[in-house]
Amino acid sequence: MDKVKVIEIKKSVFADNDRDADSLRSYLKAKGVYLLNLMSSPGSGKTTTLIRTINLLKDKLRIAVMEADIDSDVDAVKIKEATGIQSIQLHTGGMCHLDAEMTRQGLDNVMLEGVDLVILENVGNLVCPAEFDTGAVRNAMILSVPEGDDKPLKYPLMFSVCDLVIINKMDVLPYFNFDLEKCREYVRMRNPKARVIPICALSGEGVEAFADWLLEEVAKWKQ
Amino acid sequence: MHELGIVFYIIRDVKQAAEQNGVEHVSAVVMNIGEVSTVVPEYLSDCWRWAADKEEMLKGCELKIRTVPAITHCDGCGGQYSTVRYGKKCPHCGSDDTWLLQGREVEIKEIEVI
C-alpha cells in the first residue's frame with residue numbers, strides 16, 4: 001500500500017471570513033458608515049419593521065437598505081416604494097446566508113457617499129446567518145410572537161451573537177402562549193448584554209425605541 | 001442546511017493548502033467538528049461528495065470527521081461538564097455563569113496525500 005503523507009492545516013473554516021469581516025468593519029469605520037445586520041425567521045416582519053423605522057429616521061439619518069434573498073426583488077421594491085430611500089436587492093444564489101465578501105460586493109452597489117446607516121436584511125433563517133460575520137457593526141434580530149418564547153433555547157447561537165432582540169407582533173400576544181418575561185430571561189441566558197425591545201410593526205407601537213437605539217449607535221460609531 | 005456553503009469554504013482552503021505544498025491530488029481531508037457547531041456531519045459528508053467530485057484535485061477524496069465534544073466551564077464553581085447533556089446551567093452548583101470551552105469548531109485538521 002502507498003504511504004499516506006499527512007499535511008497538518010489546523011485552520012478554522014470561518015477564519016478567512018472573520019478576517020474579511022474585520023477589514024470591512026475598518027473600511028466602514030473610516031467612511032463613517034454604520035452597518036446593521038438584521039436577521040430573523042421568514043415572516044417575522046423584518047420588512048414592515050424596517051419601513052416603519054426608516055420613516056421615523058429618514059429626516060435624521062441618510063439610510064440605505066440591502067435586501068438579501070435567495071430570489072426575487074419584492075422586498076427591495078417594497079422598501080423603496082414605502083420610504084423613498086436607496087434600496088438594493090442581493091441574491092445569494094441559493095445560499096442560506098451572506099458572508100463578509102458577499103456583503104462587501106453588495107455595498108459596492110450602494111452609493112455610500114453621505115450615507116450614515118446601511119441596514120442589511122439577511123436571509124430569513126435562524127441558523128446559518130448566525131455563523132457568518134458579515135462585517136456589520138452590530139447584529140440584531142426580530143423574533144415574532146407566533147414563533148414562540150422558547151426560540152432563544154432552540155437557536156442559541158443566533159441569540160448569543162445579537163446585541164438587540166426585537167419582539168414583533170405584540171398585538172397578537174393574547175392569542176398565543178407567549179410569555180414575554182420568560183422570553184427576556186431566555187435571551188439573557190444566551191447573551192446578558194442583549195437589549196430586548198417589544199414592538200408592533202403594524203401599528204408602529206414601540207418602534208421609536210428601535211429608532212432611538214439606532215440613532216445612539218450611529219452617533220457612537222461616528223465619534 | 002448551510003453545510004453546502006461550508007463545503008465550498010473547505011474546498012477553497014484545501015485547494016489552497018494543496019497548491020502551497022505542491023500536491024496534485026488529495027486523498028482525504030480530516031475535519032474537527034464541534035458537537036454544538038450546528039454542522040450536521042451526515043449532511044456535510046453528502047454535500048462534500050457532491051461538490052468534491054466536481055474538482056479534479058478532490059475526485060474521490062474522503063472527508064473524515066472527528067467529533068469534538070462540547071464542554072462548558074462554570075465560573076461559579078470552576079467545574080466543567082458536558083454541554084449537550086446539561087446545557088447552560090452547571091450540574092455541579094446550579095450557576096448560570098458558564099461559558100463554552102470547546103465544541104464550536106469547524107476546522108480543517110489535516111489533509112492526507114498518497
# chains A, B, ... in the order shown; residues from 1 in each chain; ligands from 1
>>> interface_residues(of="chain B", to="chain A", cutoff="12 Å", atoms="only C-alpha atoms", output="VMD selection string")
chain B and resid 1 to 23 25 to 34 36 to 40 87 to 89 95 to 100 104 to 114
>>> residues_around(residues="A:Tyr186", least_positions_apart="2", cutoff="9 Å", atoms="only C-alpha atoms", output="ChimeraX atom specification")
/A:149-153,181-184,188-191
>>> write_last_selection(atoms="N, CA, C and O atoms", output="tab-separated table (two decimals), in the first residue's frame")
chain	number	residue	atom	x	y	z
A	149	ASP	N	-41.90	31.75	22.65
A	149	ASP	CA	-40.91	32.37	23.55
A	149	ASP	C	-39.69	31.49	23.77
A	149	ASP	O	-38.72	31.91	24.40
A	150	ASP	N	-39.74	30.25	23.27
A	150	ASP	CA	-38.62	29.32	23.54
A	150	ASP	C	-37.53	29.36	22.48
A	150	ASP	O	-36.56	28.61	22.56
A	151	LYS	N	-37.65	30.24	21.48
A	151	LYS	CA	-36.67	30.26	20.39
A	151	LYS	C	-35.23	30.50	20.86
A	151	LYS	O	-34.31	29.89	20.31
A	152	PRO	N	-35.00	31.35	21.90
A	152	PRO	CA	-33.61	31.51	22.35
A	152	PRO	C	-33.00	30.19	22.86
A	152	PRO	O	-31.78	30.01	22.82
A	153	LEU	N	-33.86	29.28	23.31
A	153	LEU	CA	-33.34	27.99	23.77
A	153	LEU	C	-33.01	27.09	22.59
A	153	LEU	O	-32.05	26.32	22.63
A	181	GLU	N	-41.88	37.76	29.69
A	181	GLU	CA	-40.84	37.75	30.74
A	181	GLU	C	-39.94	36.53	30.61
A	181	GLU	O	-38.73	36.61	30.78
A	182	LYS	N	-40.57	35.39	30.30
A	182	LYS	CA	-39.79	34.17	30.11
A	182	LYS	C	-38.83	34.34	28.93
A	182	LYS	O	-37.68	33.94	28.98
A	183	CYS	N	-39.35	34.95	27.86
A	183	CYS	CA	-38.54	35.16	26.67
A	183	CYS	C	-37.33	36.05	26.99
A	183	CYS	O	-36.21	35.76	26.59
A	184	ARG	N	-37.59	37.12	27.77
A	184	ARG	CA	-36.48	38.01	28.18
A	184	ARG	C	-35.42	37.22	28.94
A	184	ARG	O	-34.22	37.41	28.75
A	188	ARG	N	-31.54	36.58	27.99
A	188	ARG	CA	-30.48	36.92	28.93
A	188	ARG	C	-29.52	35.75	29.16
A	188	ARG	O	-28.32	35.92	29.30
A	189	MET	N	-30.09	34.54	29.18
A	189	MET	CA	-29.25	33.35	29.35
A	189	MET	C	-28.24	33.21	28.22
A	189	MET	O	-27.12	32.78	28.41
A	190	ARG	N	-28.67	33.57	27.00
A	190	ARG	CA	-27.79	33.45	25.84
A	190	ARG	C	-26.83	34.62	25.73
A	190	ARG	O	-25.70	34.47	25.28
A	191	ASN	N	-27.31	35.80	26.09
A	191	ASN	CA	-26.47	37.00	25.99
A	191	ASN	C	-26.95	38.03	27.01
A	191	ASN	O	-27.92	38.74	26.77
>>> residues_around(residues="stretch 109-123 of chain A", least_positions_apart="5", cutoff="8 Å", atoms="only C-alpha atoms", output="PyMOL selection string")
chain A and resi 32-40+42+46+61-70+86+88+96-98+129+218
>>> residues_around(residues="stretch 79-82 of chain B", least_positions_apart="4", cutoff="8 Å", atoms="only C-alpha atoms", output="compact mmCIF listing (two decimals) with N, CA and C atoms, in the first residue's frame")
# COMPACT_ATOMS: atom_id res chain seq x y z
N PRO B 69 -15.99 16.96 21.46
CA PRO B 69 -17.07 17.05 22.46
C PRO B 69 -17.24 18.49 22.96
N ALA B 70 -18.49 18.88 23.20
CA ALA B 70 -18.76 20.22 23.71
C ALA B 70 -18.61 20.20 25.23
N ILE B 71 -17.76 21.09 25.75
CA ILE B 71 -17.52 21.17 27.19
C ILE B 71 -17.75 22.60 27.65
N THR B 72 -18.52 22.74 28.71
CA THR B 72 -18.78 24.06 29.28
C THR B 72 -18.02 24.22 30.59
N HIS B 73 -17.47 25.42 30.78
CA HIS B 73 -16.77 25.74 32.02
C HIS B 73 -17.69 26.59 32.89
N CYS B 74 -17.69 26.32 34.20
CA CYS B 74 -18.53 27.08 35.12
C CYS B 74 -17.66 28.02 35.95
N ASP B 75 -17.96 29.35 35.87
CA ASP B 75 -17.21 30.30 36.69
C ASP B 75 -17.70 30.28 38.14
N TYR B 86 -26.09 18.90 29.73
CA TYR B 86 -26.63 19.77 30.78
C TYR B 86 -26.99 21.19 30.33
N GLY B 87 -26.55 21.61 29.15
CA GLY B 87 -26.90 22.95 28.67
C GLY B 87 -26.20 24.06 29.43
N CYS B 90 -25.01 24.86 35.28
CA CYS B 90 -23.99 23.93 35.78
C CYS B 90 -24.64 22.84 36.65
N PRO B 91 -24.38 21.56 36.33
CA PRO B 91 -24.99 20.48 37.12
C PRO B 91 -24.32 20.31 38.49
N HIS B 92 -23.14 20.90 38.68
CA HIS B 92 -22.43 20.77 39.97
C HIS B 92 -22.97 21.77 40.99
>>> closest_residue(among="B:Leu58, B:Val84, B:Cys77, B:Leu63", to="B:Asp46", atoms="only C-alpha atoms")
B:Leu63
>>> closest_residue(among="A:Ser26, A:Thr53, A:Asn125, A:Thr134", to="A:Ile79", atoms="only C-alpha atoms")
A:Thr53
>>> select_by_dssp(residues="stretch 143-192 of chain A", states="strand (DSSP E)", output="compact mmCIF listing (two decimals) with N, CA, C and O atoms, in the first residue's frame")
# COMPACT_ATOMS: atom_id res chain seq x y z
N LEU A 143 -37.76 38.56 16.56
CA LEU A 143 -38.49 37.34 16.89
C LEU A 143 -39.95 37.75 16.97
O LEU A 143 -40.28 38.73 17.64
N SER A 144 -40.84 37.03 16.30
CA SER A 144 -42.25 37.43 16.38
C SER A 144 -43.01 36.50 17.32
O SER A 144 -42.65 35.32 17.46
N LEU A 164 -29.21 43.09 19.93
CA LEU A 164 -30.58 43.61 20.09
C LEU A 164 -31.57 42.55 19.61
O LEU A 164 -31.40 41.98 18.54
N VAL A 165 -32.57 42.28 20.44
CA VAL A 165 -33.64 41.36 20.05
C VAL A 165 -34.94 42.15 20.05
O VAL A 165 -35.36 42.67 21.09
N ILE A 166 -35.56 42.28 18.86
CA ILE A 166 -36.84 42.97 18.75
C ILE A 166 -37.92 41.90 18.78
O ILE A 166 -37.83 40.90 18.07
N ILE A 167 -38.92 42.09 19.63
CA ILE A 167 -40.02 41.12 19.66
C ILE A 167 -41.22 41.77 18.98
O ILE A 167 -41.77 42.75 19.48
N ASN A 168 -41.56 41.23 17.82
CA ASN A 168 -42.59 41.85 16.97
C ASN A 168 -43.93 41.13 17.11
O ASN A 168 -44.00 40.03 17.61
>>> atom_distance(atom1="atom CA of B:Leu101", atom2="atom CA of A:Asp163")
21.6 Å
>>> closest_residue(among="A:Asn177, A:Thr103, A:Gln223, A:Ser203", to="A:Arg25", atoms="only C-alpha atoms")
A:Thr103
>>> atom_distance(atom1="atom CA of B:Glu24", atom2="atom CA of B:Met57")
6.1 Å
>>> atom_distance(atom1="atom CA of A:Gly135", atom2="atom CA of A:Leu24")
5.4 Å
>>> select_by_dssp(residues="chain B", states="alpha helix (DSSP H)", output="ChimeraX atom specification")
/B:3-20,41-52,83-86
>>> residues_around(residues="A:Val207", least_positions_apart="4", cutoff="12 Å", atoms="only C-alpha atoms", output="list in words")
Thr48, Thr49, Leu50, Ile51, Arg52, Thr53, Ile54, Asn55, Leu56, Leu57, Ile166, Ile167, Asn168, Lys169, Met170, Ile197, Pro198, Ile199, Cys200, Ala201, Leu202, Ser203, Ala211, Asp212, Trp213 and Leu214 of chain A
>>> write_last_selection(atoms="N, CA and C atoms", output="tab-separated table (two decimals), in the first residue's frame")
chain	number	residue	atom	x	y	z
A	48	THR	N	-41.63	45.06	7.17
A	48	THR	CA	-42.60	46.01	7.75
A	48	THR	C	-41.93	46.83	8.86
A	49	THR	N	-41.14	46.18	9.70
A	49	THR	CA	-40.43	46.89	10.78
A	49	THR	C	-39.48	47.94	10.19
A	50	LEU	N	-38.77	47.54	9.13
A	50	LEU	CA	-37.82	48.47	8.51
A	50	LEU	C	-38.53	49.69	7.94
A	51	ILE	N	-39.65	49.46	7.27
A	51	ILE	CA	-40.38	50.59	6.66
A	51	ILE	C	-40.79	51.59	7.75
A	52	ARG	N	-41.35	51.07	8.85
A	52	ARG	CA	-41.74	51.94	9.98
A	52	ARG	C	-40.55	52.72	10.52
A	53	THR	N	-39.46	52.00	10.74
A	53	THR	CA	-38.28	52.59	11.37
A	53	THR	C	-37.65	53.64	10.46
A	54	ILE	N	-37.53	53.30	9.18
A	54	ILE	CA	-36.90	54.22	8.23
A	54	ILE	C	-37.73	55.51	8.14
A	55	ASN	N	-39.06	55.36	8.11
A	55	ASN	CA	-39.89	56.57	8.02
A	55	ASN	C	-39.75	57.45	9.25
A	56	LEU	N	-39.42	56.85	10.40
A	56	LEU	CA	-39.17	57.66	11.61
A	56	LEU	C	-37.82	58.35	11.55
A	57	LEU	N	-36.87	57.72	10.86
A	57	LEU	CA	-35.47	58.19	10.93
A	57	LEU	C	-35.00	58.96	9.71
A	166	ILE	N	-35.56	42.28	18.86
A	166	ILE	CA	-36.84	42.97	18.75
A	166	ILE	C	-37.92	41.90	18.78
A	167	ILE	N	-38.92	42.09	19.63
A	167	ILE	CA	-40.02	41.12	19.66
A	167	ILE	C	-41.22	41.77	18.98
A	168	ASN	N	-41.56	41.23	17.82
A	168	ASN	CA	-42.59	41.85	16.97
A	168	ASN	C	-43.93	41.13	17.11
A	169	LYS	N	-44.97	41.79	16.60
A	169	LYS	CA	-46.35	41.28	16.61
A	169	LYS	C	-46.89	41.19	18.03
A	170	MET	N	-46.56	42.20	18.86
A	170	MET	CA	-47.04	42.21	20.24
A	170	MET	C	-48.57	42.30	20.28
A	197	ILE	N	-36.47	44.74	22.82
A	197	ILE	CA	-37.46	45.80	22.55
A	197	ILE	C	-38.73	45.17	21.97
A	198	PRO	N	-39.85	45.19	22.70
A	198	PRO	CA	-41.11	44.68	22.15
A	198	PRO	C	-41.77	45.74	21.26
A	199	ILE	N	-42.24	45.34	20.10
A	199	ILE	CA	-42.88	46.29	19.18
A	199	ILE	C	-44.10	45.67	18.49
A	200	CYS	N	-44.87	46.54	17.84
A	200	CYS	CA	-45.86	46.06	16.89
A	200	CYS	C	-45.62	46.87	15.61
A	201	ALA	N	-45.00	46.24	14.63
A	201	ALA	CA	-44.61	46.96	13.42
A	201	ALA	C	-45.83	47.47	12.66
A	202	LEU	N	-46.93	46.74	12.75
A	202	LEU	CA	-48.13	47.09	12.01
A	202	LEU	C	-48.70	48.43	12.50
A	203	SER	N	-48.78	48.60	13.83
A	203	SER	CA	-49.34	49.84	14.37
A	203	SER	C	-48.24	50.88	14.63
A	211	ALA	N	-35.73	52.91	16.81
A	211	ALA	CA	-35.17	54.06	16.09
A	211	ALA	C	-34.17	54.81	16.98
A	212	ASP	N	-34.52	54.99	18.27
A	212	ASP	CA	-33.61	55.69	19.19
A	212	ASP	C	-32.32	54.90	19.39
A	213	TRP	N	-32.45	53.58	19.49
A	213	TRP	CA	-31.28	52.72	19.65
A	213	TRP	C	-30.35	52.92	18.45
A	214	LEU	N	-30.92	52.95	17.24
A	214	LEU	CA	-30.12	53.14	16.03
A	214	LEU	C	-29.44	54.51	16.02
